[in-house]
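Colleague: Got a structure for you, protein-v9.tsv, holding TSV, C-alpha atoms and all ligand atoms.
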```tsv
chain	number	residue	atom	x	y	z
X	1	MET	CA	28.06	-9.40	-2.64
X	2	SER	CA	27.46	-9.59	-6.38
X	3	LYS	CA	23.81	-10.49	-6.30
X	4	THR	CA	21.01	-7.98	-6.15
X	5	VAL	CA	19.65	-7.03	-2.74
X	6	TYR	CA	16.02	-6.20	-3.48
X	7	VAL	CA	14.50	-4.10	-0.70
X	8	ASP	CA	11.72	-2.39	-2.65
X	9	ASN	CA	8.90	-4.80	-1.84
X	10	ALA	CA	6.42	-1.98	-1.20
X	11	ALA	CA	6.75	-1.12	-4.91
X	12	THR	CA	6.31	-4.70	-6.02
X	13	THR	CA	7.38	-8.20	-5.07
X	14	ALA	CA	8.78	-11.16	-7.00
X	15	MET	CA	6.22	-13.90	-7.54
X	16	ASN	CA	6.78	-16.94	-5.36
X	17	ASP	CA	6.67	-20.53	-6.60
X	18	ILE	CA	3.28	-21.15	-5.02
X	19	ALA	CA	1.75	-18.35	-7.09
X	20	ILE	CA	3.55	-19.39	-10.27
X	21	GLU	CA	2.42	-23.02	-9.91
X	22	ALA	CA	-1.16	-21.91	-9.28
X	23	MET	CA	-1.12	-19.96	-12.52
X	24	LYS	CA	0.31	-22.58	-14.83
X	25	PRO	CA	-2.76	-24.79	-15.43
X	26	CYS	CA	-4.74	-21.73	-16.48
X	27	PHE	CA	-2.60	-21.16	-19.53
X	28	LYS	CA	-3.33	-24.46	-21.32
X	29	GLU	CA	-5.63	-26.83	-19.42
X	30	ILE	CA	-8.09	-24.49	-17.73
X	31	TYR	CA	-8.40	-22.15	-20.68
X	32	GLY	CA	-12.17	-21.79	-20.83
X	33	ASN	CA	-14.15	-18.60	-20.54
X	34	PRO	CA	-15.98	-18.80	-17.19
X	35	SER	CA	-19.06	-17.34	-18.90
X	36	SER	CA	-19.31	-20.24	-21.40
X	37	LEU	CA	-22.00	-22.76	-20.66
X	38	HIS	CA	-20.06	-25.78	-21.94
X	39	SER	CA	-17.89	-27.99	-19.77
X	40	VAL	CA	-14.60	-26.25	-20.63
X	41	GLY	CA	-16.05	-22.94	-19.53
X	42	GLN	CA	-17.69	-24.39	-16.46
X	43	VAL	CA	-14.40	-25.84	-15.18
X	44	ALA	CA	-12.87	-22.39	-15.49
X	45	LYS	CA	-15.88	-21.01	-13.60
X	46	GLU	CA	-15.27	-23.52	-10.81
X	47	TRP	CA	-11.64	-22.44	-10.53
X	48	LEU	CA	-12.67	-18.80	-10.48
X	49	GLU	CA	-15.20	-19.37	-7.72
X	50	ARG	CA	-12.80	-21.46	-5.66
X	51	ALA	CA	-10.29	-18.60	-5.83
X	52	ARG	CA	-13.04	-16.17	-4.80
X	53	ALA	CA	-13.91	-18.33	-1.79
X	54	ASP	CA	-10.23	-18.59	-0.81
X	55	VAL	CA	-9.71	-14.83	-0.99
X	56	ALA	CA	-12.93	-14.23	0.98
X	57	ALA	CA	-11.82	-16.62	3.72
X	58	CYS	CA	-8.48	-14.79	4.04
X	59	LEU	CA	-10.32	-11.50	4.71
X	60	GLY	CA	-13.18	-12.73	6.87
X	61	ALA	CA	-15.58	-11.92	4.00
X	62	GLU	CA	-18.19	-13.82	2.03
X	63	PRO	CA	-17.36	-14.93	-1.52
X	64	ARG	CA	-20.16	-12.76	-2.94
X	65	GLU	CA	-18.47	-9.70	-1.44
X	66	ILE	CA	-15.29	-10.21	-3.50
X	67	TYR	CA	-14.93	-8.43	-6.88
X	68	PHE	CA	-11.84	-9.14	-8.96
X	69	THR	CA	-10.17	-6.09	-10.51
X	70	SER	CA	-6.99	-5.29	-12.46
X	71	GLY	CA	-5.24	-4.27	-9.24
X	72	GLY	CA	-5.19	-1.86	-6.33
X	73	SER	CA	-5.60	1.31	-8.41
X	74	GLU	CA	-8.71	0.05	-10.14
X	75	ALA	CA	-10.22	-1.14	-6.86
X	76	ASP	CA	-9.55	2.28	-5.31
X	77	ASN	CA	-11.09	4.08	-8.30
X	78	GLN	CA	-14.20	1.90	-8.30
X	79	ALA	CA	-14.71	2.10	-4.53
X	80	LEU	CA	-14.44	5.88	-4.40
X	81	ARG	CA	-16.52	6.64	-7.49
X	82	SER	CA	-19.18	4.14	-6.47
X	83	ALA	CA	-19.56	5.48	-2.92
X	84	ALA	CA	-19.39	9.09	-4.12
X	85	PHE	CA	-22.13	8.73	-6.72
X	86	ASN	CA	-24.32	6.64	-4.42
X	87	GLY	CA	-24.00	9.46	-1.89
X	88	ALA	CA	-24.75	12.14	-4.48
X	89	LEU	CA	-28.09	10.43	-5.21
X	90	LYS	CA	-29.02	11.19	-1.59
X	91	GLY	CA	-27.61	14.72	-1.72
X	92	LYS	CA	-24.40	13.69	0.09
X	93	LYS	CA	-21.33	15.03	-1.69
X	94	HIS	CA	-18.74	15.21	1.09
X	95	ILE	CA	-15.81	12.79	1.38
X	96	ILE	CA	-13.21	12.43	4.16
X	97	THR	CA	-9.69	11.13	3.64
X	98	SER	CA	-6.17	11.62	5.02
X	99	ALA	CA	-3.33	13.71	3.65
X	100	VAL	CA	-1.07	10.67	3.24
X	101	GLU	CA	-3.08	8.42	0.90
X	102	HIS	CA	-1.71	6.73	-2.20
X	103	HIS	CA	-2.14	8.65	-5.47
X	104	ALA	CA	-4.75	6.13	-6.62
X	105	ILE	CA	-6.93	7.64	-3.87
X	106	LEU	CA	-5.76	11.27	-3.98
X	107	HIS	CA	-5.99	11.65	-7.75
X	108	THR	CA	-9.42	9.99	-7.86
X	109	LEU	CA	-10.58	12.45	-5.18
X	110	LYS	CA	-9.15	15.41	-7.15
X	111	LYS	CA	-11.24	14.24	-10.10
X	112	LEU	CA	-14.31	13.95	-7.90
X	113	GLU	CA	-13.68	17.49	-6.61
X	114	SER	CA	-13.71	18.73	-10.20
X	115	GLU	CA	-17.05	16.94	-10.56
X	116	GLY	CA	-18.65	18.80	-7.67
X	117	PHE	CA	-17.70	16.74	-4.59
X	118	GLU	CA	-16.09	18.28	-1.53
X	119	VAL	CA	-13.14	16.52	0.12
X	120	THR	CA	-11.75	16.98	3.64
X	121	TYR	CA	-8.08	15.99	3.90
X	122	LEU	CA	-7.39	15.15	7.53
X	123	PRO	CA	-3.90	16.15	8.66
X	124	VAL	CA	-1.71	13.49	10.26
X	125	ASP	CA	0.54	13.75	13.29
X	126	GLY	CA	4.32	13.57	13.18
X	127	ASN	CA	4.17	9.79	12.88
X	128	GLY	CA	1.63	9.77	10.07
X	129	LEU	CA	-1.42	8.85	12.15
X	130	VAL	CA	-4.99	10.10	11.96
X	131	THR	CA	-7.26	9.37	14.91
X	132	ALA	CA	-10.83	8.09	15.04
X	133	GLU	CA	-11.69	11.32	16.92
X	134	GLN	CA	-10.52	13.40	13.97
X	135	VAL	CA	-12.75	11.32	11.69
X	136	ALA	CA	-15.72	11.64	14.07
X	137	GLU	CA	-15.36	15.42	14.18
X	138	ALA	CA	-15.11	15.70	10.40
X	139	ILE	CA	-18.21	13.63	9.62
X	140	ARG	CA	-21.15	15.82	8.53
X	141	PRO	CA	-24.77	15.01	7.65
X	142	ASP	CA	-23.75	15.14	3.96
X	143	THR	CA	-20.69	12.86	4.28
X	144	ALA	CA	-20.94	10.05	1.72
X	145	LEU	CA	-17.65	8.27	2.34
X	146	VAL	CA	-14.61	8.00	4.59
X	147	THR	CA	-11.50	6.53	2.94
X	148	ILE	CA	-8.41	6.03	5.10
X	149	MET	CA	-5.56	3.69	4.15
X	150	TYR	CA	-4.79	0.67	6.33
X	151	ALA	CA	-1.03	1.12	6.24
X	152	ASN	CA	1.07	3.76	4.54
X	153	ASN	CA	3.15	2.67	1.55
X	154	GLU	CA	5.97	5.13	2.23
X	155	ILE	CA	6.47	5.31	5.98
X	156	GLY	CA	4.71	2.09	7.00
X	157	THR	CA	2.44	3.69	9.61
X	158	ILE	CA	-0.57	1.50	10.45
X	159	MET	CA	-3.77	3.53	10.91
X	160	PRO	CA	-6.30	2.85	13.72
X	161	VAL	CA	-8.63	1.33	11.13
X	162	ARG	CA	-10.80	-0.64	13.55
X	163	GLU	CA	-11.63	2.49	15.59
X	164	ILE	CA	-12.19	4.60	12.47
X	165	GLY	CA	-14.46	1.87	11.10
X	166	ALA	CA	-16.45	1.84	14.34
X	167	VAL	CA	-16.98	5.60	14.14
X	168	CYS	CA	-18.18	5.33	10.54
X	169	ARG	CA	-20.45	2.42	11.42
X	170	ALA	CA	-22.02	4.39	14.30
X	171	LYS	CA	-22.56	7.41	12.04
X	172	LYS	CA	-23.78	5.27	9.12
X	173	VAL	CA	-21.09	6.47	6.71
X	174	VAL	CA	-19.50	4.06	4.21
X	175	PHE	CA	-15.90	3.28	5.19
X	176	HIS	CA	-13.34	2.30	2.54
X	177	THR	CA	-9.72	1.40	3.23
X	178	ASP	CA	-6.84	1.05	0.78
X	179	ALA	CA	-5.30	-2.06	2.35
X	180	VAL	CA	-2.83	-2.75	-0.46
X	181	GLN	CA	0.16	-2.55	1.91
X	182	ALA	CA	-1.59	-4.39	4.72
X	183	VAL	CA	-3.25	-7.49	3.30
X	184	GLY	CA	-0.87	-10.44	3.42
X	185	HIS	CA	1.47	-8.52	5.74
X	186	ILE	CA	-0.52	-7.88	8.93
X	187	PRO	CA	-3.84	-9.26	10.17
X	188	VAL	CA	-6.81	-7.74	8.31
X	189	ASP	CA	-10.41	-8.81	8.93
X	190	VAL	CA	-13.27	-6.89	7.35
X	191	GLU	CA	-15.67	-7.87	10.15
X	192	LYS	CA	-13.47	-7.14	13.16
X	193	ASP	CA	-12.11	-4.01	11.50
X	194	ASN	CA	-15.56	-2.59	10.63
X	195	ILE	CA	-14.66	-2.20	6.96
X	196	ASP	CA	-17.32	-1.67	4.25
X	197	MET	CA	-15.00	-1.55	1.23
X	198	LEU	CA	-11.36	-2.59	0.88
X	199	SER	CA	-8.79	-2.60	-1.92
X	200	LEU	CA	-5.93	-5.06	-2.25
X	201	SER	CA	-3.38	-5.95	-4.91
X	202	ALA	CA	-1.73	-9.31	-5.61
X	203	HIS	CA	1.70	-8.06	-6.62
X	204	LYS	CA	2.34	-6.64	-3.14
X	205	PHE	CA	2.28	-10.13	-1.60
X	206	HIS	CA	4.21	-12.23	-4.14
X	207	GLY	CA	1.32	-12.68	-6.55
X	208	PRO	CA	1.22	-11.40	-10.14
X	209	LYS	CA	0.89	-7.80	-11.29
X	210	GLY	CA	-2.37	-6.64	-12.85
X	211	VAL	CA	-4.81	-8.35	-10.53
X	212	GLY	CA	-6.48	-7.26	-7.31
X	213	VAL	CA	-9.69	-7.25	-5.33
X	214	LEU	CA	-12.37	-4.82	-4.32
X	215	TYR	CA	-14.17	-6.14	-1.26
X	216	CYS	CA	-17.64	-4.59	-0.97
X	217	ARG	CA	-19.87	-5.47	1.99
X	218	LYS	CA	-23.12	-7.06	0.88
X	219	THR	CA	-25.16	-4.28	2.46
X	220	VAL	CA	-23.33	-1.63	0.39
X	221	ASN	CA	-24.45	-1.05	-3.19
X	222	LEU	CA	-21.55	-1.25	-5.66
X	223	ARG	CA	-21.87	0.71	-8.90
X	224	THR	CA	-20.69	-0.71	-12.20
X	225	PHE	CA	-17.20	0.52	-13.10
X	226	ILE	CA	-16.57	-1.09	-16.50
X	227	GLU	CA	-19.56	-1.57	-18.79
X	228	GLY	CA	-19.87	-4.66	-20.91
X	229	GLY	CA	-20.57	-8.28	-20.07
X	230	ALA	CA	-22.11	-9.55	-16.87
X	231	GLN	CA	-18.86	-10.63	-15.20
X	232	GLU	CA	-18.42	-9.85	-11.48
X	233	LYS	CA	-22.20	-9.58	-11.09
X	234	GLY	CA	-22.31	-6.90	-13.76
X	235	LYS	CA	-20.10	-4.54	-11.73
X	236	ARG	CA	-16.88	-5.00	-13.68
X	237	ALA	CA	-17.12	-6.31	-17.24
X	238	GLY	CA	-14.36	-8.19	-19.04
X	239	THR	CA	-13.39	-11.84	-19.35
X	240	GLU	CA	-11.80	-12.78	-16.05
X	241	ASN	CA	-8.03	-12.94	-15.58
X	242	LEU	CA	-8.28	-16.51	-14.34
X	243	ALA	CA	-4.53	-17.19	-14.19
X	244	GLY	CA	-3.97	-14.00	-12.25
X	245	VAL	CA	-6.88	-14.62	-9.92
X	246	CYS	CA	-5.78	-18.20	-9.12
X	247	ALA	CA	-2.21	-17.07	-8.49
X	248	MET	CA	-3.42	-14.22	-6.27
X	249	ALA	CA	-5.57	-16.56	-4.21
X	250	ALA	CA	-2.68	-19.01	-3.77
X	251	ALA	CA	-0.24	-16.24	-2.81
X	252	LEU	CA	-2.72	-14.78	-0.33
X	253	LYS	CA	-3.50	-18.14	1.27
X	254	ASP	CA	0.23	-18.75	1.66
X	255	ALA	CA	0.82	-15.28	3.12
X	256	ILE	CA	-2.00	-15.74	5.64
X	257	ALA	CA	-0.90	-19.27	6.58
X	258	HIS	CA	2.54	-17.90	7.51
X	259	LEU	CA	1.45	-14.43	8.60
X	260	TYR	CA	2.81	-14.34	12.13
X	261	GLU	CA	6.13	-16.04	11.39
X	262	ASN	CA	6.63	-13.74	8.36
X	263	MET	CA	5.84	-10.68	10.48
X	264	ALA	CA	8.32	-11.73	13.13
X	265	GLU	CA	11.07	-12.38	10.58
X	266	GLU	CA	10.47	-9.11	8.71
X	267	ALA	CA	10.46	-7.17	11.99
X	268	ARG	CA	13.71	-8.85	13.03
X	269	LEU	CA	15.38	-7.86	9.75
X	270	ARG	CA	13.81	-4.37	9.84
X	271	ASP	CA	15.19	-3.72	13.30
X	272	ILE	CA	18.71	-4.66	12.18
X	273	LEU	CA	18.41	-1.93	9.55
X	274	ILE	CA	16.88	0.63	11.91
X	275	ARG	CA	19.53	-0.01	14.57
X	276	GLY	CA	22.36	0.12	12.07
X	277	LEU	CA	21.25	3.12	10.05
X	278	SER	CA	20.17	5.21	13.04
X	279	LYS	CA	23.87	5.45	13.93
X	280	ILE	CA	24.37	7.76	10.94
X	281	PRO	CA	24.58	11.31	12.38
X	282	HIS	CA	21.71	13.68	11.52
X	283	SER	CA	19.40	10.90	10.41
X	284	ARG	CA	15.84	10.16	11.47
X	285	LEU	CA	13.37	7.30	11.26
X	286	ASN	CA	10.10	8.37	9.64
X	287	GLY	CA	6.77	6.88	10.64
X	288	ASP	CA	5.42	5.42	13.84
X	289	ALA	CA	7.96	3.31	15.74
X	290	LYS	CA	5.26	1.01	17.15
X	291	ASN	CA	2.27	1.07	14.76
X	292	ARG	CA	4.47	0.16	11.82
X	293	LEU	CA	4.50	-2.43	9.03
X	294	PRO	CA	7.01	-5.12	10.00
X	295	GLY	CA	8.82	-4.74	6.66
X	296	ASN	CA	9.11	-0.96	6.42
X	297	VAL	CA	12.13	1.26	7.07
X	298	ASN	CA	11.97	4.91	6.01
X	299	MET	CA	14.77	7.27	6.97
X	300	CYS	CA	15.96	10.76	6.18
X	301	PHE	CA	19.62	11.75	6.02
X	302	GLU	CA	20.27	15.46	6.22
X	303	GLY	CA	22.27	17.21	3.52
X	304	ILE	CA	21.81	14.70	0.70
X	305	GLU	CA	19.41	14.00	-2.16
X	306	GLY	CA	17.44	10.75	-2.02
X	307	GLU	CA	17.82	10.24	-5.77
X	308	SER	CA	21.63	10.37	-5.64
X	309	LEU	CA	21.59	7.95	-2.73
X	310	LEU	CA	19.40	5.53	-4.68
X	311	LEU	CA	21.60	5.59	-7.76
X	312	LEU	CA	24.78	4.97	-5.78
X	313	LEU	CA	23.11	2.18	-3.80
X	314	ASP	CA	21.89	0.65	-7.05
X	315	ALA	CA	25.49	0.61	-8.26
X	316	LYS	CA	26.25	-1.50	-5.18
X	317	GLY	CA	23.41	-3.88	-5.96
X	318	ILE	CA	20.93	-2.45	-3.45
X	319	CYS	CA	17.50	-1.73	-4.97
X	320	ALA	CA	15.55	0.63	-2.72
X	321	SER	CA	13.24	3.60	-3.12
X	322	SER	CA	13.20	7.25	-2.25
X	323	GLY	CA	10.24	9.18	-0.90
X	324	SER	CA	10.43	11.82	-3.55
X	325	ALA	CA	8.94	11.12	-6.94
X	326	CYS	CA	10.38	12.65	-10.06
X	327	THR	CA	7.31	14.17	-11.66
X	328	SER	CA	7.44	16.10	-14.92
X	329	GLY	CA	11.11	16.91	-14.54
X	330	SER	CA	10.78	18.65	-11.17
X	331	LEU	CA	11.77	16.86	-8.00
X	332	ASP	CA	8.79	17.07	-5.67
X	333	PRO	CA	9.35	15.81	-2.16
X	334	SER	CA	6.89	13.16	-1.02
X	335	HIS	CA	3.48	14.47	0.07
X	336	VAL	CA	3.64	11.95	2.93
X	337	LEU	CA	6.93	13.28	4.33
X	338	LEU	CA	5.67	16.86	4.03
X	339	ALA	CA	2.42	15.86	5.75
X	340	ILE	CA	4.30	14.52	8.79
X	341	GLY	CA	5.89	17.94	9.07
X	342	LEU	CA	9.32	17.48	7.55
X	343	PRO	CA	10.85	20.55	5.90
X	344	HIS	CA	11.41	20.25	2.11
X	345	GLU	CA	15.18	19.99	2.41
X	346	VAL	CA	14.92	17.09	4.89
X	347	ALA	CA	12.17	15.31	2.93
X	348	HIS	CA	14.43	15.30	-0.14
X	349	GLY	CA	16.99	13.10	1.59
X	350	SER	CA	14.76	10.10	2.20
X	351	LEU	CA	15.28	6.38	1.72
X	352	ARG	CA	12.66	3.63	1.90
X	353	LEU	CA	13.75	0.03	2.40
X	354	SER	CA	10.83	-2.39	2.23
X	355	LEU	CA	11.40	-6.02	3.13
X	356	CYS	CA	9.82	-9.38	2.48
X	357	PRO	CA	10.22	-12.70	4.28
X	358	TYR	CA	12.65	-13.86	1.58
X	359	ASN	CA	15.23	-11.21	2.51
X	360	THR	CA	18.15	-12.40	4.64
X	361	GLU	CA	20.18	-11.22	7.59
X	362	GLU	CA	23.27	-11.23	5.37
X	363	GLU	CA	21.54	-8.75	3.07
X	364	MET	CA	20.70	-6.50	6.02
X	365	LYS	CA	24.33	-6.53	7.17
X	366	TYR	CA	25.43	-5.57	3.65
X	367	ILE	CA	22.99	-2.63	3.62
X	368	VAL	CA	24.09	-1.47	7.08
X	369	GLU	CA	27.67	-1.56	5.80
X	370	GLN	CA	27.07	0.24	2.51
X	371	VAL	CA	24.57	3.00	3.30
X	372	PRO	CA	26.71	4.95	5.83
X	373	ALA	CA	29.63	5.05	3.39
X	374	VAL	CA	27.43	6.31	0.56
X	375	VAL	CA	25.78	8.93	2.80
X	376	GLU	CA	29.22	10.09	3.95
X	377	TYR	CA	30.43	10.35	0.35
X	378	LEU	CA	27.37	12.32	-0.76
X	379	ARG	CA	27.76	14.68	2.18
X	380	SER	CA	31.41	15.21	1.30
X	381	ILE	CA	30.36	16.64	-2.08
X	382	SER	CA	27.20	18.41	-0.87
X	383	PRO	CA	27.25	22.24	-0.70
X	384	VAL	CA	24.30	22.05	1.71
X	385	TRP	CA	26.21	19.77	4.06
X	386	GLU	CA	29.18	22.12	3.95
X	387	GLU	CA	26.97	25.00	5.07
X	388	LEU	CA	25.48	22.85	7.82
X	389	GLU	CA	28.92	21.86	9.03
X	390	LYS	CA	30.16	25.47	9.00
X	391	GLY	CA	27.13	26.53	11.01
X	392	GLN	CA	25.89	28.72	8.12
X	393	ARG	CA	22.53	26.99	8.33
X	394	PRO	CA	20.97	25.17	11.26
X	395	HIS	CA	20.72	21.39	11.42
X	396	LEU	CA	17.07	20.37	11.13
X	397	ILE	CA	17.59	16.79	12.33
M	1	LIG	C1	0.75	-0.36	-4.85
M	1	LIG	C2	-0.34	0.42	-4.21
M	1	LIG	C3	-1.51	0.74	-4.91
M	1	LIG	C4	-1.69	0.43	-6.38
M	1	LIG	O1	-1.86	-0.94	-6.62
M	1	LIG	P1	-1.66	-1.48	-8.12
M	1	LIG	O2	-2.08	-2.89	-8.09
M	1	LIG	O3	-0.22	-1.29	-8.44
M	1	LIG	O4	-2.55	-0.63	-9.00
M	1	LIG	C5	-2.51	1.40	-4.23
M	1	LIG	N1	-2.38	1.75	-2.93
M	1	LIG	C6	-1.28	1.44	-2.23
M	1	LIG	C7	-1.20	1.82	-0.79
M	1	LIG	C8	-0.21	0.78	-2.84
M	1	LIG	O5	0.89	0.51	-2.14
```
Would you mind writing the structure in this file as C-alpha cells?
Modeller:
Amino acid sequence: MSKTVYVDNAATTAMNDIAIEAMKPCFKEIYGNPSSLHSVGQVAKEWLERARADVAACLGAEPREIYFTSGGSEADNQALRSAAFNGALKGKKHIITSAVEHHAILHTLKKLESEGFEVTYLPVDGNGLVTAEQVAEAIRPDTALVTIMYANNEIGTIMPVREIGAVCRAKKVVFHTDAVQAVGHIPVDVEKDNIDMLSLSAHKFHGPKGVGVLYCRKTVNLRTFIEGGAQEKGKRAGTENLAGVCAMAAALKDAIAHLYENMAEEARLRDILIRGLSKIPHSRLNGDAKNRLPGNVNMCFEGIEGESLLLLLDAKGICASSGSACTSGSLDPSHVLLAIGLPHEVAHGSLRLSLCPYNTEEEMKYIVEQVPAVVEYLRSISPVWEELEKGQRPHLI
C-alpha cells in the first residue's frame, strides 16, 4: 500500500467536498462585511445567519445561543473565564472538572487558579469515567461552574453528560462541556443533555481549521472575550470568518444527516482494529469498551515507546498518534493514561488510532498486518522487554 493511511482524525480531519464547496462563494462573491449596511454586506449577513441557524438546529439550540469562535480552544477559554468571573461576582470561586480534560480546559483552569479560583479535579475510574454522583458530592455552595468533557480525545470514553447536566441543573450550577470530539460523531443535544455551555470545533468533523462554536444557553450570561466591534452580540469582536463559518455549518449538517450510518461504519472498522491488535501479547485497550467513540482505538503495548512506534508506522504510511506528548524536550506520558491508573512505563507505549467514515476496511487490514510486526521489532531491541522476558521485572499488562 503506497498511499497514506490517515488514522489521526482526533487530531484533525481532511475537509470534505461539501465543506469546500460551501466555502468557495465566500471568497469572491459573498465578500461583504456582515456589519456593513449596504447590500453587499447584508448578503454576507444573511449567509452568516443562515449558518448560525443551521448549526443551532444540529445541536437542538436556538440561533441566538450560537457564538462563532476561532475554534475549540477559544470556545473553551471563553466559556470557563466567563462562568468563573460571573461566579466571582456572587462570591463563588470554586470550579469542578475531571482529571482527563483537554489542555484547553486544564491550562485555562490553571490560569484561573493563579487568579484566585479553586479547582476540584475529579478522578476517573479505570475506563476514564466520572459519575454524576461524584459531581453531586463535589458541588459546594460556592461552586460557579462544572466543566466535564463530552468524550475524551485520547481514549474515546464518553462521559455520562446527561446525568451530570441534570445534577448541575438541580443544584443551579452552570454546566459546560467540551464536546469537540463528540459533535458530528455521536448524538449531542443541548436540551436533552442538560447543557448550559458547549464548545465545538469544525476541523474535527471535516470542516476547516480555525473556526468553532461556543453554545451559551440564553439564560446564562456570556462575558465578552475579545473587545472591539459589536460582532457576536458584542461578546466576541472581529470581522466574522464567513467562509469558515459556512463551511463548518455545511460539514456539521452533513455529519448529522449521516450520523448513525457513519457511527456504524466507524464502529465496524474500529472493531476490526481492536480485534486484530488485541492479539498482540501484553497489550491492552484503553478506555471504556462500551461508552466509547465509534472511531477511537487506544492501546498500550508493553516494553516499547509510543514515539518509536509512531515513527516506524509513519515510515509504512500509517499516520497515527501516541498518548504521550513531547513537551519541552522531556517525554511526559499522557495525563489521561496516568489518570486511568496506568503506570508510567505502560503509558509510554501507547498508540491512538482515530477513524473517520472515509477510512476503509482495506486500510484496517493493512494496520492489523503492520502494527504487530513493528511492535515485535521494537521489543526485539528493547532493554525493558528483555528484562520482562527474563523475569527480571514483572509484566504489568
Ligand atoms: C481538538 C480539541 C480541542 C481544540 O480545538 P481547536 O479547534 O483545535 O482549538 C479542544 N478540546 C478537545 C477535546 C479537542 O479534541
Colleague: Would you list the residues that come within 10 Å of ligand LIG 1 (chain M)? Count all atoms listed in the file and give the answer as a short mmCIF file (atom, residue, chain, number, x, y, z; two decimals) with C-alpha atoms, keeping the file's coordinate frame.
Modeller:
```
data_model
loop_
_atom_site.label_atom_id
_atom_site.label_comp_id
_atom_site.auth_asym_id
_atom_site.auth_seq_id
_atom_site.Cartn_x
_atom_site.Cartn_y
_atom_site.Cartn_z
CA ASN X 9 8.90 -4.80 -1.84
CA ALA X 10 6.42 -1.98 -1.20
CA ALA X 11 6.75 -1.12 -4.91
CA THR X 12 6.31 -4.70 -6.02
CA THR X 69 -10.17 -6.09 -10.51
CA SER X 70 -6.99 -5.29 -12.46
CA GLY X 71 -5.24 -4.27 -9.24
CA GLY X 72 -5.19 -1.86 -6.33
CA SER X 73 -5.60 1.31 -8.41
CA GLU X 74 -8.71 0.05 -10.14
CA ALA X 75 -10.22 -1.14 -6.86
CA ASP X 76 -9.55 2.28 -5.31
CA ASN X 77 -11.09 4.08 -8.30
CA VAL X 100 -1.07 10.67 3.24
CA GLU X 101 -3.08 8.42 0.90
CA HIS X 102 -1.71 6.73 -2.20
CA HIS X 103 -2.14 8.65 -5.47
CA ALA X 104 -4.75 6.13 -6.62
CA ILE X 105 -6.93 7.64 -3.87
CA MET X 149 -5.56 3.69 4.15
CA TYR X 150 -4.79 0.67 6.33
CA ALA X 151 -1.03 1.12 6.24
CA ASN X 152 1.07 3.76 4.54
CA ASN X 153 3.15 2.67 1.55
CA GLU X 154 5.97 5.13 2.23
CA GLY X 156 4.71 2.09 7.00
CA THR X 177 -9.72 1.40 3.23
CA ASP X 178 -6.84 1.05 0.78
CA ALA X 179 -5.30 -2.06 2.35
CA VAL X 180 -2.83 -2.75 -0.46
CA GLN X 181 0.16 -2.55 1.91
CA ALA X 182 -1.59 -4.39 4.72
CA SER X 199 -8.79 -2.60 -1.92
CA LEU X 200 -5.93 -5.06 -2.25
CA SER X 201 -3.38 -5.95 -4.91
CA ALA X 202 -1.73 -9.31 -5.61
CA HIS X 203 1.70 -8.06 -6.62
CA LYS X 204 2.34 -6.64 -3.14
CA PRO X 208 1.22 -11.40 -10.14
CA LYS X 209 0.89 -7.80 -11.29
CA GLY X 210 -2.37 -6.64 -12.85
CA VAL X 211 -4.81 -8.35 -10.53
CA GLY X 212 -6.48 -7.26 -7.31
CA VAL X 213 -9.69 -7.25 -5.33
#
```
Colleague: Quick one: residues within 9 Å of Ala138 (chain X), all atoms listed in the file counted, chain neighbours fewer than 6 positions away excluded, as a ChimeraX atom specification?
Modeller: /X:96,120,122
Colleague: So which residues touch Lys233 (chain X) within 10 Å, counting all atoms listed in the file, skipping near sequence neighbours fewer than 5 positions away, as a list in words?
Modeller: Arg64, Tyr67, Leu222 and Thr224 of chain X
Colleague: Using only C-alpha atoms, find the one residue out of X:Asn86, X:Asn33, X:Asn296, X:Ser380 that sits nearest to Cys356 (chain X).
Modeller: X:Asn296
Colleague: Might you pull out every residue within 8 Å of Val384 (chain X), with all atoms listed in the file counted and same-chain residues fewer than 3 positions away left off, and present them as a ChimeraX atom specification?
Modeller: /X:303-304,387-388
Colleague: Enclose region 345-348 of chain X, meaning all of its atoms listed in the file, in a box aligned along x, y and z, pad it by 8 Å on each side, and list the centre and edge lengths in Å to one decimal, as JSON.
Modeller:
```
{"center_x": 13.7, "center_y": 17.6, "center_z": 2.4, "size_x": 19.0, "size_y": 20.7, "size_z": 21.0}
```
Colleague: Please report the interatomic distance between CA of Ala79 (chain X) and CA of Glu118 (chain X) in Å with one decimal.
Modeller: 16.5 Å
Colleague: Check the smallest atom-to-atom distance from each of X:Gly126, X:Gly234, X:Gly60, X:Gly306 to Ile195 (chain X) using all atoms listed in the file, then report the winner.
Modeller: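 Of the candidates, the smallest distance to Ile195 (chain X) is held by X:Gly60.
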Colleague: Rebuild region 276-281 of chain X so that it carries N, CA, C and O atoms, then output the result as a PDB file, keeping the file's coordinate frame.
Modeller:
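What landed in part-v1.pdb:
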```pdb
ATOM      1  N   GLY X 276      21.111  -0.185  12.771  1.00  0.00           N
ATOM      2  CA  GLY X 276      22.360   0.120  12.070  1.00  0.00           C
ATOM      3  C   GLY X 276      22.357   1.514  11.456  1.00  0.00           C
ATOM      4  O   GLY X 276      23.328   2.268  11.588  1.00  0.00           O
ATOM      5  N   LEU X 277      21.270   1.863  10.795  1.00  0.00           N
ATOM      6  CA  LEU X 277      21.250   3.120  10.050  1.00  0.00           C
ATOM      7  C   LEU X 277      20.998   4.330  10.944  1.00  0.00           C
ATOM      8  O   LEU X 277      21.362   5.453  10.591  1.00  0.00           O
ATOM      9  N   SER X 278      20.403   4.093  12.118  1.00  0.00           N
ATOM     10  CA  SER X 278      20.170   5.210  13.040  1.00  0.00           C
ATOM     11  C   SER X 278      21.479   5.750  13.600  1.00  0.00           C
ATOM     12  O   SER X 278      21.506   6.851  14.173  1.00  0.00           O
ATOM     13  N   LYS X 279      22.563   4.973  13.443  1.00  0.00           N
ATOM     14  CA  LYS X 279      23.870   5.450  13.930  1.00  0.00           C
ATOM     15  C   LYS X 279      24.440   6.541  13.037  1.00  0.00           C
ATOM     16  O   LYS X 279      25.386   7.237  13.429  1.00  0.00           O
ATOM     17  N   ILE X 280      23.898   6.692  11.840  1.00  0.00           N
ATOM     18  CA  ILE X 280      24.370   7.760  10.940  1.00  0.00           C
ATOM     19  C   ILE X 280      23.960   9.098  11.573  1.00  0.00           C
ATOM     20  O   ILE X 280      22.796   9.293  11.927  1.00  0.00           O
ATOM     21  N   PRO X 281      24.934  10.037  11.749  1.00  0.00           N
ATOM     22  CA  PRO X 281      24.580  11.310  12.380  1.00  0.00           C
ATOM     23  C   PRO X 281      23.556  12.077  11.540  1.00  0.00           C
ATOM     24  O   PRO X 281      23.553  11.949  10.311  1.00  0.00           O
TER      25      PRO X 281
END
```
